[in-house]
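First up is the structure itself, then whatever we jot down about it.
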Amino acid sequence: MWSYLGEVDAALGANQFELSIPRSQLGNPTAIELYLRGDNGAIGTSNTVDFYPDAVSDSTVDSDQRRFRYQTAP
């Protein structure tokens, strides 16, 4: 279930988008696993959904290749 956690900073360039999410809004985890899903319909492509990493929806690929894992230094 999704819930509002707070405001985040964002920056948009010609072909880049950056988000800055304070760890405190996520409960100060020491590690986080995520993947990105984008809607390309706004730029007129025929494939309107894009995943990063590309293997996110491929269940035959090892789970380590279907997500990003970020960890803070101990």
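Residues in the structure tokens are numbered from 1 in each chain, the chains being A, B, ... in the order shown, and ligands are numbered from 1 in the order shown.
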**OP:** Please identify which residues in chain A DSSP calls strand (DSSP E or B) from the backbone, and express them as a list in words.
**Re:**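 So, restricting chain A to strand (DSSP E or B), we get Asp9, Ala10, Ala11, Leu12, Phe17, Glu18, Leu19, Ser20, Ala31, Ile32, Glu33, Leu34, Leu36, Arg37, Gly38, Asp39, Val49, Asp50, Phe51, Tyr52, Phe68, Arg69, Tyr70 and Gln71 of chain A.
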Could you turn the residues from that selection into a file that holds C-alpha atoms, as a tab-separated table (two decimals), in the first residue's frame?
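Below is the file again-v1.tsv, written as the result:
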chain	number	residue	atom	x	y	z
A	9	ASP	CA	13.89	17.29	-4.39
A	10	ALA	CA	13.95	16.68	-8.15
A	11	ALA	CA	16.05	17.89	-11.08
A	12	LEU	CA	15.23	17.48	-14.76
A	17	PHE	CA	15.86	12.95	-14.16
A	18	GLU	CA	17.15	12.91	-10.59
A	19	LEU	CA	15.35	12.44	-7.30
A	20	SER	CA	16.75	13.08	-3.86
A	31	ALA	CA	20.20	-0.84	2.41
A	32	ILE	CA	17.50	-0.39	-0.21
A	33	GLU	CA	16.56	-2.47	-3.26
A	34	LEU	CA	14.69	-0.90	-6.12
A	36	LEU	CA	12.70	1.97	-11.97
A	37	ARG	CA	9.60	2.01	-14.14
A	38	GLY	CA	9.05	4.76	-16.66
A	39	ASP	CA	6.19	5.76	-18.93
A	49	VAL	CA	6.53	1.24	-20.33
A	50	ASP	CA	10.25	0.92	-19.71
A	51	PHE	CA	12.03	-0.82	-16.84
A	52	TYR	CA	15.53	-0.27	-15.52
A	68	PHE	CA	19.46	-2.33	-7.81
A	69	ARG	CA	20.80	-2.62	-4.27
A	70	TYR	CA	22.25	0.40	-2.52
A	71	GLN	CA	23.89	0.06	0.85
**OP:** Within chain A, find each residue whose DSSP state, derived from the backbone, is helix (DSSP H, G or I), and express the selection as a ChimeraX atom specification.
**Re:** /A:23-26,40-43,54-57,63-65
Subject >> For Leu26 (chain A), the nearest of the candidates A:Ser3, A:Asn40, A:Ser57, A:Gln65, counting only C-alpha atoms >> reply: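 Residue with the minimum atom-to-atom distance to Leu26 (chain A): A:Ser3.
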Original post:
Hey, can you check how far CA of Ala42 (chain A) sits from CA of Ala14 (chain A)?
Top reply: 13.9 Å
